[in-house]
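Source file: work.txt. Holds: compact mmCIF, C-alpha atoms.
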```txt
# COMPACT_ATOMS: atom_id res chain seq x y z
CA MET A 1 -4.83 14.50 35.69
CA VAL A 2 -1.85 12.55 36.96
CA VAL A 3 1.65 13.71 36.00
CA LEU A 4 4.37 11.07 36.21
CA THR A 5 7.44 11.90 38.23
CA LYS A 6 10.81 12.37 36.57
CA GLY A 7 11.99 9.02 37.88
CA GLU A 8 8.99 7.21 36.44
CA LEU A 9 9.42 8.92 33.09
CA GLU A 10 13.05 7.87 32.89
CA GLN A 11 11.97 4.22 33.17
CA ILE A 12 9.94 4.51 29.95
CA ALA A 13 11.92 3.96 26.75
CA LEU A 14 11.45 6.86 24.36
CA PRO A 15 9.68 5.99 21.10
CA ALA A 16 10.50 7.79 17.87
CA VAL A 17 10.90 11.55 18.27
CA GLN A 18 9.66 13.96 15.63
CA ARG A 19 10.97 17.50 15.91
CA ALA A 20 8.64 19.11 13.36
CA SER A 21 5.94 21.50 14.52
CA PRO A 22 2.42 20.09 14.90
CA PRO A 23 0.41 20.07 11.65
CA PRO A 24 -2.33 22.65 11.01
CA PRO A 25 -5.72 22.07 12.66
CA ALA A 26 -8.37 20.14 10.76
CA ALA A 27 -11.79 21.42 9.80
CA VAL A 28 -13.50 18.41 11.35
CA PRO A 29 -16.97 17.59 9.96
CA GLU A 30 -19.61 17.85 12.69
CA VAL A 31 -22.79 15.80 12.97
CA ASP A 32 -25.55 16.79 15.37
CA LEU A 33 -27.49 13.66 16.29
CA ALA A 34 -30.31 15.88 17.56
CA ALA A 35 -30.78 17.48 14.13
CA GLY A 36 -33.11 14.78 12.83
CA ASP A 37 -32.47 11.51 11.03
CA ALA A 38 -32.46 12.76 7.44
CA ALA A 39 -30.09 15.67 7.99
CA ALA A 40 -27.80 13.66 10.25
CA ALA A 41 -27.73 10.70 7.83
CA ARG A 42 -26.64 12.94 4.94
CA ALA A 43 -23.96 14.56 7.09
CA VAL A 44 -22.66 11.20 8.34
CA ALA A 45 -22.43 9.70 4.84
CA LYS A 46 -20.60 12.73 3.44
CA ALA A 47 -18.12 12.78 6.35
CA CYS A 48 -17.43 9.04 5.96
CA GLU A 49 -16.86 9.43 2.23
CA ASP A 50 -14.71 12.56 2.47
CA HIS A 51 -12.70 11.91 5.63
CA GLY A 52 -13.65 8.64 7.32
CA PHE A 53 -13.81 10.76 10.46
CA PHE A 54 -16.22 13.21 12.09
CA LYS A 55 -17.28 14.78 15.37
CA VAL A 56 -20.60 13.93 17.04
CA THR A 57 -22.60 16.43 19.07
CA GLY A 58 -26.11 16.10 20.45
CA HIS A 59 -25.18 12.57 21.46
CA GLY A 60 -27.14 12.39 24.71
CA VAL A 61 -24.33 10.90 26.82
CA PRO A 62 -24.48 12.83 30.12
CA GLN A 63 -21.59 15.18 30.84
CA HIS A 64 -21.54 14.08 34.47
CA LEU A 65 -20.82 10.52 33.29
CA LEU A 66 -17.93 11.75 31.15
CA ALA A 67 -16.53 13.72 34.10
CA ARG A 68 -16.77 10.67 36.38
CA LEU A 69 -15.03 8.51 33.78
CA GLU A 70 -12.19 11.01 33.38
CA ALA A 71 -11.71 11.23 37.14
CA ALA A 72 -11.77 7.44 37.56
CA ALA A 73 -9.25 6.95 34.76
CA ALA A 74 -6.96 9.55 36.32
CA ALA A 75 -7.20 7.74 39.65
CA PHE A 76 -6.28 4.40 38.07
CA PHE A 77 -3.23 5.72 36.23
CA ALA A 78 -2.12 7.54 39.39
CA LEU A 79 -1.78 4.21 41.21
CA PRO A 80 1.73 2.96 42.02
CA GLN A 81 3.22 1.01 39.13
CA ARG A 82 3.12 -2.28 41.04
CA GLU A 83 -0.63 -1.85 41.53
CA LYS A 84 -1.24 -1.15 37.84
CA ASP A 85 0.90 -4.14 36.90
CA ARG A 86 -1.51 -6.36 38.84
CA ALA A 87 -4.05 -5.59 36.10
CA ALA A 88 -1.69 -6.78 33.34
CA GLY A 89 -2.89 -9.48 30.97
CA CYS A 90 -2.67 -10.70 27.39
CA PRO A 91 -4.32 -9.52 25.25
CA PHE A 92 -6.56 -7.69 27.72
CA GLY A 93 -5.51 -5.72 30.76
CA TYR A 94 -2.93 -3.09 31.58
CA ALA A 95 0.20 -2.45 29.52
CA SER A 96 2.63 0.36 28.79
CA LYS A 97 4.98 1.37 25.97
CA ARG A 98 4.55 -1.77 23.86
CA ILE A 99 1.64 -1.68 21.41
CA GLY A 100 0.94 -5.16 20.09
CA ALA A 101 3.53 -7.88 19.66
CA ASN A 102 5.39 -6.61 16.59
CA GLY A 103 7.76 -4.02 17.98
CA ASP A 104 5.60 -0.88 17.96
CA LEU A 105 6.33 1.45 20.86
CA GLY A 106 4.46 4.49 22.13
CA TRP A 107 4.61 7.09 24.89
CA VAL A 108 1.48 5.57 26.40
CA GLU A 109 0.09 3.31 29.10
CA TYR A 110 -3.33 1.80 28.70
CA LEU A 111 -6.10 -0.55 29.75
CA LEU A 112 -7.63 -2.79 27.07
CA LEU A 113 -10.92 -4.40 28.05
CA ALA A 114 -13.24 -6.82 26.28
CA VAL A 115 -16.91 -5.84 26.14
CA THR A 116 -19.62 -8.35 27.01
CA ALA A 117 -22.95 -8.80 25.26
CA ALA A 118 -24.56 -6.76 28.04
CA GLY A 119 -22.25 -3.87 27.32
CA ALA A 120 -20.06 -4.12 30.42
CA ALA A 121 -16.28 -3.95 30.39
CA ALA A 122 -15.12 -7.47 31.19
CA ALA A 123 -12.34 -8.02 33.74
CA PRO A 124 -8.99 -8.67 32.05
CA VAL A 125 -7.55 -10.65 34.97
CA SER A 126 -8.73 -11.46 38.45
CA ALA A 127 -6.01 -9.30 40.01
CA CYS A 128 -7.51 -6.26 38.29
CA GLU A 129 -10.28 -6.03 40.86
CA GLY A 130 -7.77 -5.40 43.59
CA ALA A 131 -5.85 -2.83 41.57
CA GLU A 132 -8.71 -0.70 40.32
CA PRO A 133 -10.25 2.14 42.31
CA PRO A 134 -13.65 0.76 43.43
CA CYS A 135 -15.65 3.21 41.31
CA PHE A 136 -13.75 2.54 38.08
CA ARG A 137 -15.51 -0.71 37.15
CA ALA A 138 -18.97 0.75 37.76
CA VAL A 139 -18.35 3.89 35.70
CA LEU A 140 -16.81 1.83 32.87
CA ASP A 141 -19.94 -0.34 32.76
CA GLU A 142 -22.21 2.71 32.63
CA TYR A 143 -20.06 4.39 29.99
CA VAL A 144 -19.91 1.35 27.71
CA ALA A 145 -23.69 0.94 27.79
CA ALA A 146 -24.28 4.60 26.92
CA VAL A 147 -21.66 4.80 24.19
CA ARG A 148 -22.69 1.56 22.52
CA ARG A 149 -26.27 2.89 22.27
CA MET A 150 -24.97 6.07 20.67
CA THR A 151 -22.65 4.06 18.38
CA CYS A 152 -25.57 2.02 17.08
CA THR A 153 -27.49 5.22 16.34
CA VAL A 154 -24.53 6.42 14.27
CA LEU A 155 -24.32 3.08 12.44
CA GLN A 156 -28.02 3.26 11.60
CA LEU A 157 -27.48 6.77 10.21
CA MET A 158 -24.62 5.42 8.09
CA ALA A 159 -26.91 2.80 6.58
CA GLN A 160 -29.60 5.41 5.97
CA GLY A 161 -27.10 7.78 4.39
CA LEU A 162 -26.03 5.00 2.01
CA GLY A 163 -29.66 4.50 0.97
CA LEU A 164 -29.80 0.94 2.33
CA ASP A 165 -33.21 -0.56 3.07
CA ASP A 166 -31.90 -2.37 6.13
CA ARG A 167 -31.03 0.38 8.62
CA ASP A 168 -29.64 -2.19 11.09
CA VAL A 169 -27.21 -3.88 8.70
CA PHE A 170 -24.19 -2.46 10.58
CA SER A 171 -25.57 -1.97 14.09
CA ARG A 172 -26.74 -5.58 14.47
CA LEU A 173 -23.12 -6.73 14.14
CA VAL A 174 -22.13 -4.61 17.15
CA LEU A 175 -25.23 -5.65 19.12
CA ASP A 176 -24.76 -9.38 18.42
CA ARG A 177 -24.22 -11.40 21.59
CA ASP A 178 -20.88 -12.58 20.18
CA SER A 179 -19.76 -9.13 19.02
CA ASP A 180 -15.99 -8.70 19.31
CA SER A 181 -16.05 -5.19 20.77
CA MET A 182 -13.45 -3.62 23.04
CA LEU A 183 -12.81 -0.58 25.21
CA ARG A 184 -9.40 1.06 25.43
CA VAL A 185 -8.38 3.68 28.00
CA ASN A 186 -5.15 5.44 26.99
CA HIS A 187 -2.98 7.66 29.18
CA TYR A 188 -0.25 9.69 27.46
CA PRO A 189 2.14 11.14 30.07
CA PRO A 190 3.45 14.69 29.53
CA ARG A 191 6.43 14.91 27.22
CA PRO A 192 9.84 14.98 28.95
CA GLN A 193 11.54 18.35 29.22
CA PRO A 194 13.69 18.98 26.12
CA ALA A 195 17.45 19.17 26.50
CA ALA A 196 17.47 22.68 25.04
CA ALA A 197 14.88 25.36 25.61
CA ALA A 198 14.45 25.96 21.86
CA GLU A 199 14.09 22.26 21.03
CA THR A 200 10.68 21.00 20.01
CA ARG A 201 10.08 17.37 20.91
CA ARG A 202 7.11 15.48 19.53
CA LEU A 203 6.97 11.93 20.79
CA THR A 204 5.00 9.19 19.12
CA GLY A 205 2.25 8.42 21.61
CA PHE A 206 0.47 5.93 19.34
CA GLY A 207 1.83 5.35 15.85
CA GLU A 208 -0.10 5.89 12.63
CA HIS A 209 -2.65 3.20 11.82
CA THR A 210 -6.21 2.47 10.82
CA ASP A 211 -8.60 0.65 13.14
CA PRO A 212 -9.55 -2.85 11.95
CA GLN A 213 -13.06 -2.90 13.46
CA ILE A 214 -16.30 -1.50 12.01
CA ILE A 215 -16.27 1.74 13.98
CA SER A 216 -14.30 3.48 16.71
CA VAL A 217 -15.80 6.12 18.99
CA LEU A 218 -13.36 8.28 20.93
CA ARG A 219 -13.65 10.75 23.75
CA SER A 220 -10.67 12.55 25.34
CA ASN A 221 -9.80 15.16 27.91
CA ASP A 222 -8.78 18.67 26.83
CA ALA A 223 -5.19 17.78 25.93
CA SER A 224 -4.43 17.75 22.20
CA GLY A 225 -2.39 15.20 20.24
CA LEU A 226 -4.76 13.36 17.88
CA GLU A 227 -3.87 13.72 14.18
CA ILE A 228 -5.51 12.30 11.03
CA THR A 229 -4.61 12.14 7.35
CA LEU A 230 -6.68 13.74 4.64
CA ARG A 231 -7.31 11.95 1.35
CA ASP A 232 -4.22 13.58 -0.17
CA GLY A 233 -2.02 12.19 2.61
CA THR A 234 -1.65 15.50 4.47
CA TRP A 235 -1.55 15.23 8.25
CA VAL A 236 -3.79 17.58 10.24
CA SER A 237 -4.34 17.94 13.98
CA VAL A 238 -7.72 17.47 15.63
CA PRO A 239 -8.62 20.16 18.20
CA SER A 240 -9.69 18.63 21.50
CA ASP A 241 -13.35 18.83 22.50
CA THR A 242 -14.40 17.44 25.87
CA GLU A 243 -18.13 17.68 25.12
CA SER A 244 -18.14 15.73 21.85
CA PHE A 245 -17.19 12.32 20.50
CA PHE A 246 -15.02 11.56 17.46
CA VAL A 247 -15.91 8.70 15.12
CA ASN A 248 -13.45 6.73 12.96
CA VAL A 249 -14.50 4.53 10.05
CA GLY A 250 -12.78 1.16 10.52
CA ASP A 251 -11.37 -1.29 7.99
CA ALA A 252 -14.34 -3.65 8.30
CA LEU A 253 -16.76 -0.85 7.41
CA GLN A 254 -14.60 0.06 4.42
CA VAL A 255 -15.02 -3.52 3.19
CA LEU A 256 -18.78 -3.66 3.86
CA THR A 257 -19.31 -0.41 1.91
CA ASN A 258 -17.08 -1.63 -0.95
CA GLY A 259 -14.68 1.24 -0.33
CA ARG A 260 -17.28 4.01 -0.40
CA PHE A 261 -16.47 4.75 3.24
CA ARG A 262 -12.72 4.74 3.88
CA SER A 263 -11.00 3.99 7.17
CA VAL A 264 -9.00 6.94 8.44
CA ARG A 265 -5.28 6.78 9.18
CA HIS A 266 -4.55 8.46 12.50
CA ARG A 267 -1.96 8.77 15.27
CA VAL A 268 -1.33 10.50 18.59
CA MET A 269 1.71 12.74 19.00
CA VAL A 270 2.78 13.97 22.44
CA SER A 271 4.15 17.50 22.68
CA SER A 272 2.24 18.89 25.64
CA ALA A 273 3.34 19.43 29.20
CA ARG A 274 -0.10 18.11 30.19
CA PRO A 275 -1.22 14.46 30.11
CA ARG A 276 -3.78 13.23 27.60
CA VAL A 277 -6.41 10.62 28.46
CA SER A 278 -8.64 9.11 25.79
CA VAL A 279 -11.29 6.40 25.91
CA ILE A 280 -12.14 4.50 22.72
CA PHE A 281 -15.01 2.09 22.09
CA PHE A 282 -14.25 -0.29 19.22
CA GLY A 283 -17.37 -1.83 17.70
CA GLY A 284 -16.47 -5.15 16.12
CA PRO A 285 -18.46 -7.98 14.50
CA PRO A 286 -18.63 -11.55 15.82
CA PRO A 287 -15.47 -13.60 15.08
CA ARG A 288 -17.29 -15.96 12.70
CA GLU A 289 -19.06 -13.16 10.81
CA ARG A 290 -18.34 -13.28 7.10
CA LEU A 291 -17.45 -9.84 5.79
CA ALA A 292 -17.81 -8.79 2.16
CA PRO A 293 -19.09 -5.77 0.25
CA LEU A 294 -22.86 -5.45 0.60
CA PRO A 295 -24.59 -6.62 -2.62
CA GLY A 296 -26.63 -3.43 -2.96
CA LEU A 297 -23.49 -1.31 -2.94
CA VAL A 298 -21.66 -3.64 -5.32
CA ASP A 299 -24.54 -3.35 -7.81
CA ARG A 300 -24.12 0.42 -7.86
CA GLU A 301 -20.57 -0.08 -9.12
CA GLY A 302 -21.56 -2.37 -11.95
CA GLY A 303 -20.89 -5.53 -9.95
CA ARG A 304 -17.29 -4.64 -9.09
CA ARG A 305 -16.28 -6.13 -5.73
CA ARG A 306 -13.20 -4.46 -4.28
CA TYR A 307 -12.68 -7.04 -1.51
CA ARG A 308 -12.99 -10.79 -1.23
CA GLU A 309 -15.10 -12.42 1.47
CA PHE A 310 -13.42 -13.32 4.77
CA THR A 311 -14.31 -13.80 8.41
CA TRP A 312 -13.65 -11.19 11.06
CA ARG A 313 -11.44 -13.71 12.88
CA GLU A 314 -9.36 -14.15 9.73
CA TYR A 315 -8.88 -10.43 9.26
CA LYS A 316 -8.20 -9.71 12.91
CA ASN A 317 -5.55 -12.44 13.10
CA SER A 318 -3.94 -11.10 9.94
CA ALA A 319 -4.03 -7.49 11.17
CA TYR A 320 -2.47 -8.31 14.53
CA ARG A 321 0.51 -9.97 12.83
CA THR A 322 1.45 -6.67 11.16
CA LYS A 323 3.03 -3.42 12.24
CA LEU A 324 0.71 -0.54 13.09
CA ALA A 325 1.50 1.46 9.95
CA ASP A 326 1.05 -1.44 7.50
CA ASN A 327 -1.77 -1.46 4.95
CA ARG A 328 -3.63 -4.42 6.35
CA LEU A 329 -6.44 -4.53 3.78
CA CYS A 330 -4.24 -4.90 0.72
CA SER A 331 -4.11 -8.70 0.88
CA PHE A 332 -7.93 -8.84 0.94
CA GLU A 333 -8.45 -6.70 -2.15
CA THR A 334 -9.74 -8.12 -5.42
CA MET A 335 -8.80 -5.00 -7.35
CA ALA A 336 -6.96 -1.72 -6.74
CA THR A 337 -8.87 0.64 -4.45
CA SER A 338 -8.31 4.26 -5.31
```

Here is a file; write its structure as structure tokens.
Amino acid sequence: MVVLTKGELEQIALPAVQRASPPPPAAVPEVDLAAGDAAAARAVAKACEDHGFFKVTGHGVPQHLLARLEAAAAAFFALPQREKDRAAGCPFGYASKRIGANGDLGWVEYLLLAVTAAGAAAAPVSACEGAEPPCFRAVLDEYVAAVRRMTCTVLQLMAQGLGLDDRDVFSRLVLDRDSDSMLRVNHYPPRPQPAAAAETRRLTGFGEHTDPQIISVLRSNDASGLEITLRDGTWVSVPSDTESFFVNVGDALQVLTNGRFRSVRHRVMVSSARPRVSVIFFGGPPPRERLAPLPGLVDREGGRRRYREFTWREYKNSAYRTKLADNRLCSFETMATS
């Protein structure tokens, strides 16, 4: 993986520094997609209820594809800064340090790409073609197609685990031709050398937040840094695993399940001398899709609806006007969610 030079690091404004030691490692729930539908569906539902987060094995995405993706991402982020800046755009394209438009900063540079109905990563700007290594676009296309198939399998297992008759109630939103899905490739440079040998520096790579979409599926290299909160608010670290994927429940899925599945608050902290690269597929519904708790799940709670109906466009616009750490669902609640 690429390591930025000292001069390049000095050009990046430091985000908030935490000097505490990393939190204890999490006992991450694991779901083997090869274990059979019934067993996997039970495991998925329990993980979504207990943590909003789990690890997927037996996913069928070839390891050689993951290795090619990691190498291509490393090659892109190793380009001279002026070349990467040619891929800049708004909202899609290359960016560094600034996360959103509301003042959040992170020790990160990234590519944010829209995903087409065919599953390919759409070009953010025309200049991006000249800046990217030639193989990057092809491997991104192949990766998106494979991961979206796996994501839909997971969404079908979620529906099955909830006891819903319609197993495609979540997956069809991600497969819709107008689905608002995205791919994000994050590169977290190594932490700067501390001023004192005994000093522990933990930089905020990506601040704490929940994901607004239905589902997020993450794969990273072997550098650590991802942390999640448990239901009691305790932060725990997630051990890296290059052969597995990690799944986050998103805000939209929390609404659709009437709060039975809860979106997970997570962050990335940088304390390693090695760079971290992660790739996240965000499965979102179409902009005009009306989101509300599913009637079958509302009936199980005596008709109590925890969220009002709204469109994905409405929620996304509201979420992107807030800071990362804000509780973005609170203004869409009809009653307290505990």

Which neighbours of A:Lys323 fall inside 8 Å, counting all atoms listed in the file, when residues of the same chain fewer than 5 positions from it are skipped, and could you give them as number ranges by chain?
A: 102-104

Please provide as a PyMOL selection string all residues within 7 Å of stretch 207-216 of chain A, with the sequence filter that same-chain residues fewer than 5 positions apart are discarded (counting all atoms listed in the file).
chain A and resi 106+247-253+263-268+280-284+324-325

Write out as a PyMOL selection string the residues lying within 9 Å of stretch 138-153 of chain A, counting all atoms listed in the file and excluding same-chain residues fewer than 2 positions away.
chain A and resi 33+59-62+65-66+68-69+72+115+118-122+134-136+155-158+168+170-172+174-175+183+215-217+247+281+283

Selection from above, C-alpha atoms, as a PDB file, keeping the file's coordinate frame, can you write it?
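Done, and the output landed in result.pdb:
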```pdb
ATOM      1  CA  LEU A  33     -27.490  13.660  16.290  1.00  0.00           C
ATOM      2  CA  HIS A  59     -25.180  12.570  21.460  1.00  0.00           C
ATOM      3  CA  GLY A  60     -27.140  12.390  24.710  1.00  0.00           C
ATOM      4  CA  VAL A  61     -24.330  10.900  26.820  1.00  0.00           C
ATOM      5  CA  PRO A  62     -24.480  12.830  30.120  1.00  0.00           C
ATOM      6  CA  LEU A  65     -20.820  10.520  33.290  1.00  0.00           C
ATOM      7  CA  LEU A  66     -17.930  11.750  31.150  1.00  0.00           C
ATOM      8  CA  ARG A  68     -16.770  10.670  36.380  1.00  0.00           C
ATOM      9  CA  LEU A  69     -15.030   8.510  33.780  1.00  0.00           C
ATOM     10  CA  ALA A  72     -11.770   7.440  37.560  1.00  0.00           C
ATOM     11  CA  VAL A 115     -16.910  -5.840  26.140  1.00  0.00           C
ATOM     12  CA  ALA A 118     -24.560  -6.760  28.040  1.00  0.00           C
ATOM     13  CA  GLY A 119     -22.250  -3.870  27.320  1.00  0.00           C
ATOM     14  CA  ALA A 120     -20.060  -4.120  30.420  1.00  0.00           C
ATOM     15  CA  ALA A 121     -16.280  -3.950  30.390  1.00  0.00           C
ATOM     16  CA  ALA A 122     -15.120  -7.470  31.190  1.00  0.00           C
ATOM     17  CA  PRO A 134     -13.650   0.760  43.430  1.00  0.00           C
ATOM     18  CA  CYS A 135     -15.650   3.210  41.310  1.00  0.00           C
ATOM     19  CA  PHE A 136     -13.750   2.540  38.080  1.00  0.00           C
ATOM     20  CA  LEU A 155     -24.320   3.080  12.440  1.00  0.00           C
ATOM     21  CA  GLN A 156     -28.020   3.260  11.600  1.00  0.00           C
ATOM     22  CA  LEU A 157     -27.480   6.770  10.210  1.00  0.00           C
ATOM     23  CA  MET A 158     -24.620   5.420   8.090  1.00  0.00           C
ATOM     24  CA  ASP A 168     -29.640  -2.190  11.090  1.00  0.00           C
ATOM     25  CA  PHE A 170     -24.190  -2.460  10.580  1.00  0.00           C
ATOM     26  CA  SER A 171     -25.570  -1.970  14.090  1.00  0.00           C
ATOM     27  CA  ARG A 172     -26.740  -5.580  14.470  1.00  0.00           C
ATOM     28  CA  VAL A 174     -22.130  -4.610  17.150  1.00  0.00           C
ATOM     29  CA  LEU A 175     -25.230  -5.650  19.120  1.00  0.00           C
ATOM     30  CA  LEU A 183     -12.810  -0.580  25.210  1.00  0.00           C
ATOM     31  CA  ILE A 215     -16.270   1.740  13.980  1.00  0.00           C
ATOM     32  CA  SER A 216     -14.300   3.480  16.710  1.00  0.00           C
ATOM     33  CA  VAL A 217     -15.800   6.120  18.990  1.00  0.00           C
ATOM     34  CA  VAL A 247     -15.910   8.700  15.120  1.00  0.00           C
ATOM     35  CA  PHE A 281     -15.010   2.090  22.090  1.00  0.00           C
ATOM     36  CA  GLY A 283     -17.370  -1.830  17.700  1.00  0.00           C
TER      37      GLY A 283
END
```

note - atom CA of A:Arg201 and atom CA of A:Ser271 are separated by 6.2 Å

Neighbour list for A:Ala45 as a PyMOL selection string, cut-off 9 Å, all atoms listed in the file, skip fewer than 6 positions in-chain
chain A and resi 157-162+261

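Coordinates place atom CA of A:Ile99 at a distance of 13.9 Å from atom CA of A:Asp326.
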
Straight-line distance linking atom CA of A:Pro25 with atom CA of A:Gln254, stated in Å to one decimal
25.1 Å

Using all atoms listed in the file, which residue out of A:Leu329, A:Cys48, A:Leu105, A:Leu230 lies closest to A:Arg260?
A:Cys48

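Ranking A:Leu164, A:Val279, A:Met182, A:Ala78 by their shortest atom-to-atom distance to A:Asn221, with all atoms listed in the file included, puts A:Val279 first.
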